[in-house]
file start.pdb (PDB, C-alpha atoms)
MODEL        1
ATOM      1  CA  MET A   1       0.000   0.000   0.000
ATOM      2  CA  PRO A   2       1.617   3.293  -1.032
ATOM      3  CA  SER A   3       1.839   6.217   1.331
ATOM      4  CA  ASP A   4      -0.505   9.059   0.410
ATOM      5  CA  HIS A   5       2.084  11.756   1.041
ATOM      6  CA  PHE A   6       5.279  11.194  -0.892
ATOM      7  CA  VAL A   7       6.974  12.852  -3.794
ATOM      8  CA  GLN A   8       7.649  10.730  -6.847
ATOM      9  CA  HIS A   9      10.687  11.020  -9.133
ATOM     10  CA  GLN A  10      13.126  11.000  -6.189
ATOM     11  CA  LYS A  11      16.552   9.407  -5.798
ATOM     12  CA  THR A  12      16.679   7.486  -2.504
ATOM     13  CA  SER A  13      18.132   4.581  -0.613
ATOM     14  CA  LEU A  14      15.779   2.227   1.220
ATOM     15  CA  VAL A  15      15.549   0.561   4.593
ATOM     16  CA  ILE A  16      13.296  -2.479   4.265
ATOM     17  CA  ASP A  17      12.079  -4.398   7.304
ATOM     18  CA  ALA A  18       9.188  -6.532   8.460
ATOM     19  CA  THR A  19       7.413  -6.327  11.794
ATOM     20  CA  PHE A  20       5.082  -9.075  12.947
ATOM     21  CA  PHE A  21       2.148  -8.699  15.316
ATOM     22  CA  SER A  22       1.471 -12.443  15.431
ATOM     23  CA  ARG A  23       2.838 -15.532  13.679
ATOM     24  CA  THR A  24       0.787 -14.803  10.557
ATOM     25  CA  SER A  25       0.194 -11.054  10.616
ATOM     26  CA  GLY A  26       2.807  -8.436   9.853
ATOM     27  CA  VAL A  27       3.843  -5.429   7.802
ATOM     28  CA  LEU A  28       6.761  -5.099   5.363
ATOM     29  CA  VAL A  29       7.846  -1.446   5.238
ATOM     30  CA  PHE A  30       9.957   0.298   2.571
ATOM     31  CA  ARG A  31      11.329   3.467   4.180
ATOM     32  CA  SER A  32      13.403   6.265   2.710
ATOM     33  CA  PRO A  33      15.857   7.602   5.307
ATOM     34  CA  THR A  34      16.578  10.485   2.934
ATOM     35  CA  LEU A  35      12.936  11.572   2.714
ATOM     36  CA  LYS A  36      12.190  10.419   6.291
ATOM     37  CA  LYS A  37       9.027   8.689   5.044
ATOM     38  CA  ASN A  38       7.615   5.221   4.692
ATOM     39  CA  LEU A  39       7.114   5.026   0.926
ATOM     40  CA  ILE A  40       5.117   1.804   0.705
ATOM     41  CA  TRP A  41       4.128  -1.065   2.954
ATOM     42  CA  TYR A  42       2.387  -4.396   2.590
ATOM     43  CA  GLU A  43       0.395  -6.433   5.034
ATOM     44  CA  ILE A  44       2.033  -9.866   4.993
ATOM     45  CA  GLU A  45       1.363 -13.298   6.456
ATOM     46  CA  GLY A  46       5.000 -14.369   6.216
ATOM     47  CA  GLU A  47       8.244 -12.771   5.092
ATOM     48  CA  LYS A  48       8.967 -13.802   1.484
ATOM     49  CA  VAL A  49      11.734 -12.676  -0.836
ATOM     50  CA  GLU A  50       9.085 -12.036  -3.507
ATOM     51  CA  ASP A  51       7.494  -9.359  -1.289
ATOM     52  CA  TYR A  52      10.789  -7.442  -1.302
ATOM     53  CA  ILE A  53      10.992  -7.682  -5.100
ATOM     54  CA  MET A  54       7.365  -6.572  -5.475
ATOM     55  CA  GLY A  55       8.104  -3.449  -3.387
ATOM     56  CA  ILE A  56      11.231  -2.571  -5.383
ATOM     57  CA  MET A  57       9.292  -2.983  -8.637
ATOM     58  CA  GLU A  58       6.418  -0.838  -7.371
ATOM     59  CA  LEU A  59       8.774   1.950  -6.297
ATOM     60  CA  SER A  60      10.565   1.759  -9.645
ATOM     61  CA  SER A  61       7.215   2.069 -11.437
ATOM     62  CA  LEU A  62       6.562   5.204  -9.362
ATOM     63  CA  GLU A  63       9.835   6.509 -10.822
ATOM     64  CA  PHE A  64      11.910   6.349  -7.649
ATOM     65  CA  GLU A  65      15.585   5.905  -8.419
ATOM     66  CA  ILE A  66      16.691   3.415  -5.765
ATOM     67  CA  THR A  67      20.387   3.865  -4.976
ATOM     68  CA  GLY A  68      20.703   0.997  -2.473
ATOM     69  CA  ALA A  69      18.956  -0.938   0.273
ATOM     70  CA  THR A  70      19.544  -1.949   3.872
ATOM     71  CA  VAL A  71      17.699  -5.129   4.854
ATOM     72  CA  ASP A  72      17.449  -7.594   7.721
ATOM     73  CA  GLY A  73      19.061 -11.017   7.605
ATOM     74  CA  LYS A  74      16.252 -12.811   5.749
ATOM     75  CA  PRO A  75      17.908 -15.618   3.767
ATOM     76  CA  GLY A  76      17.926 -14.987   0.035
ATOM     77  CA  VAL A  77      17.046 -11.289   0.148
ATOM     78  CA  LEU A  78      20.598  -9.929  -0.177
ATOM     79  CA  LYS A  79      21.474 -12.067  -3.205
ATOM     80  CA  ARG A  80      18.139 -11.490  -4.902
ATOM     81  CA  LEU A  81      18.308  -7.707  -4.580
ATOM     82  CA  GLU A  82      21.953  -7.703  -5.723
ATOM     83  CA  ARG A  83      20.845  -9.603  -8.861
ATOM     84  CA  PHE A  84      18.358  -6.780  -9.329
ATOM     85  CA  GLY A  85      21.387  -4.489  -9.639
ATOM     86  CA  LEU A  86      21.096  -2.796  -6.247
ATOM     87  CA  PRO A  87      23.901  -2.256  -3.749
ATOM     88  CA  VAL A  88      22.589  -4.017  -0.624
ATOM     89  CA  GLN A  89      23.813  -4.315   2.939
ATOM     90  CA  MET A  90      22.547  -6.064   6.031
ATOM     91  CA  CYS A  91      21.374  -3.909   8.920
ATOM     92  CA  HIS A  92      24.033  -3.685  11.665
ATOM     93  CA  PHE A  93      21.451  -4.449  14.362
ATOM     94  CA  HIS A  94      20.510  -7.686  12.599
ATOM     95  CA  MET A  95      24.194  -8.581  12.093
ATOM     96  CA  LEU A  96      24.867  -8.166  15.807
ATOM     97  CA  SER A  97      21.741 -10.195  16.610
ATOM     98  CA  ILE A  98      22.955 -13.084  14.448
ATOM     99  CA  VAL A  99      26.429 -13.067  16.016
ATOM    100  CA  THR A 100      24.898 -12.868  19.513
ATOM    101  CA  ARG A 101      22.631 -15.829  18.739
ATOM    102  CA  TYR A 102      25.699 -17.996  18.111
ATOM    103  CA  THR A 103      28.177 -16.536  20.627
ATOM    104  CA  THR A 104      25.911 -15.218  23.456
ATOM    105  CA  LYS A 105      26.198 -11.736  24.977
ATOM    106  CA  ARG A 106      29.047 -12.905  27.215
ATOM    107  CA  PRO A 107      31.151 -15.304  25.140
ATOM    108  CA  ARG A 108      33.755 -17.383  26.964
ATOM    109  CA  LEU A 109      36.012 -18.392  24.085
ATOM    110  CA  PRO A 110      38.593 -15.797  22.971
ATOM    111  CA  ALA A 111      37.609 -16.158  19.296
ATOM    112  CA  ALA A 112      33.938 -15.542  20.126
ATOM    113  CA  GLN A 113      34.887 -12.535  22.282
ATOM    114  CA  GLU A 114      36.894 -11.072  19.398
ATOM    115  CA  LEU A 115      34.092 -11.692  16.903
ATOM    116  CA  ARG A 116      31.571  -9.954  19.163
ATOM    117  CA  GLN A 117      33.898  -6.944  19.595
ATOM    118  CA  LEU A 118      34.452  -6.663  15.835
ATOM    119  CA  THR A 119      30.714  -6.894  15.209
ATOM    120  CA  LYS A 120      30.028  -4.071  17.676
ATOM    121  CA  LEU A 121      32.476  -1.878  15.728
ATOM    122  CA  LEU A 122      30.621  -2.287  12.415
ATOM    123  CA  SER A 123      28.470   0.810  12.789
ATOM    124  CA  LYS A 124      31.399   2.927  13.999
ATOM    125  CA  THR A 125      34.021   2.263  11.339
ATOM    126  CA  ASP A 126      34.743   2.340   7.630
ATOM    127  CA  ARG A 127      35.479  -0.643   5.403
ATOM    128  CA  GLU A 128      39.262  -0.113   5.244
ATOM    129  CA  SER A 129      39.692   0.060   9.036
ATOM    130  CA  PHE A 130      37.482  -2.961   9.599
ATOM    131  CA  GLU A 131      39.398  -5.034   7.045
ATOM    132  CA  ARG A 132      42.692  -3.991   8.683
ATOM    133  CA  TRP A 133      41.390  -5.138  12.099
ATOM    134  CA  LEU A 134      40.350  -8.462  10.599
ATOM    135  CA  GLU A 135      43.878  -9.027   9.293
ATOM    136  CA  GLU A 136      45.564  -8.236  12.655
TER
ENDMDL
END

call {"tool": "encode", "arguments": {"input": "start.pdb", "output": "structure tokens"}}
result
Amino acid sequence: MPSDHFVQHQKTSLVIDATFFSRTSGVLVFRSPTLKKNLIWYEIEGEKVEDYIMGIMELSSLEFEITGATVDGKPGVLKRLERFGLPVQMCHFHMLSIVTRYTTKRPRLPAAQELRQLTKLLSKTDRESFERWLEE
């Protein structure tokens, strides 16, 4: 469902995320951080890669020039949107959540402690610095 109050013909990046109110009732939102508006949203019963594609296609048909997207860790979404020709990245919050799921908030092993520390730095660093830390 498109928002009633947005300007078409805009260049924007997207943040795309789903929120569920129950196991079978949720909303997939396509938000422009540049415009500070939710551009479109769909009521969904489950999170499917096709819903992401449908939203991108709808925004393209409304003549939005999509410069990139930030998404959650839904399997298949990153690769599918990249095949669509979009630069895509995973949300840092979701990255940290995935690492925490496997290492806990208080990891005991040194490798897990290091991984958690590196993950926490993601939102505070640039690519070159992060890659340098990985090599150390």

call {"tool": "atom_distance", "arguments": {"input": "start.pdb", "atom1": "CA of Ser60 (chain A)", "atom2": "CA of Thr12 (chain A)"}}
result
11.0 Å

call {"tool": "atom_distance", "arguments": {"input": "start.pdb", "atom1": "CA of Glu136 (chain A)", "atom2": "CA of Arg108 (chain A)"}}
result
20.7 Å

call {"tool": "closest_residue", "arguments": {"input": "start.pdb", "among": "A:Ser32, A:Thr104, A:Ser129, A:Asn38", "to": "Glu65 (chain A)", "atoms": "only C-alpha atoms"}}
result
A:Ser32

call {"tool": "closest_residue", "arguments": {"input": "start.pdb", "among": "A:Val88, A:Ile53, A:Val71, A:Leu121", "to": "Asp17 (chain A)", "atoms": "only C-alpha atoms"}}
result
A:Val71

call {"tool": "closest_residue", "arguments": {"input": "start.pdb", "among": "A:Leu14, A:Val77, A:Leu35, A:Cys91", "to": "Leu59 (chain A)", "atoms": "only C-alpha atoms"}}
result
A:Leu14

call {"tool": "residues_near_point", "arguments": {"input": "start.pdb", "point": "(30.3, -3.8, 10.1)", "cutoff": "12 Å", "atoms": "only C-alpha atoms", "output": "list in words"}}
result
Gln89, Met90, Cys91, His92, Phe93, His94, Met95, Leu96, Val99, Leu115, Arg116, Gln117, Leu118, Thr119, Lys120, Leu121, Leu122, Ser123, Lys124, Thr125, Asp126, Arg127, Glu128, Ser129, Phe130, Glu131, Trp133 and Leu134 of chain A

call {"tool": "write_last_selection", "arguments": {"input": "start.pdb", "atoms": "C-alpha atoms", "output": "short mmCIF file (atom, residue, chain, number, x, y, z; two decimals), in the coordinates of the input"}}
result
data_model
loop_
_atom_site.label_atom_id
_atom_site.label_comp_id
_atom_site.auth_asym_id
_atom_site.auth_seq_id
_atom_site.Cartn_x
_atom_site.Cartn_y
_atom_site.Cartn_z
CA GLN A 89 23.81 -4.32 2.94
CA MET A 90 22.55 -6.06 6.03
CA CYS A 91 21.37 -3.91 8.92
CA HIS A 92 24.03 -3.68 11.66
CA PHE A 93 21.45 -4.45 14.36
CA HIS A 94 20.51 -7.69 12.60
CA MET A 95 24.19 -8.58 12.09
CA LEU A 96 24.87 -8.17 15.81
CA VAL A 99 26.43 -13.07 16.02
CA LEU A 115 34.09 -11.69 16.90
CA ARG A 116 31.57 -9.95 19.16
CA GLN A 117 33.90 -6.94 19.60
CA LEU A 118 34.45 -6.66 15.84
CA THR A 119 30.71 -6.89 15.21
CA LYS A 120 30.03 -4.07 17.68
CA LEU A 121 32.48 -1.88 15.73
CA LEU A 122 30.62 -2.29 12.42
CA SER A 123 28.47 0.81 12.79
CA LYS A 124 31.40 2.93 14.00
CA THR A 125 34.02 2.26 11.34
CA ASP A 126 34.74 2.34 7.63
CA ARG A 127 35.48 -0.64 5.40
CA GLU A 128 39.26 -0.11 5.24
CA SER A 129 39.69 0.06 9.04
CA PHE A 130 37.48 -2.96 9.60
CA GLU A 131 39.40 -5.03 7.04
CA TRP A 133 41.39 -5.14 12.10
CA LEU A 134 40.35 -8.46 10.60
#

call {"tool": "residues_around", "arguments": {"input": "start.pdb", "residues": "Ile66 (chain A)", "least_positions_apart": "2", "cutoff": "12 Å", "atoms": "all atoms listed in the file", "output": "number ranges by chain"}}
result
A: 8-15, 30-34, 39, 55-64, 68-70, 81, 84-88

call {"tool": "resolve_selection", "arguments": {"input": "start.pdb", "expression": "the PyMOL selection byres ((chain A and resi 46-49) around 12)", "output": "ChimeraX atom specification"}}
result
/A:16-29,42-45,50-56,71-81

call {"tool": "atom_distance", "arguments": {"input": "start.pdb", "atom1": "CA of Lys36 (chain A)", "atom2": "CA of Ile98 (chain A)"}}
result
27.1 Å

call {"tool": "axis_aligned_box", "arguments": {"input": "start.pdb", "around": "region 131-134 of chain A", "padding_each_side": "3 Å", "output": "AutoDock Vina command-line options"}}
result
--center_x 41.0 --center_y -6.2 --center_z 9.6 --size_x 9.3 --size_y 10.5 --size_z 11.1
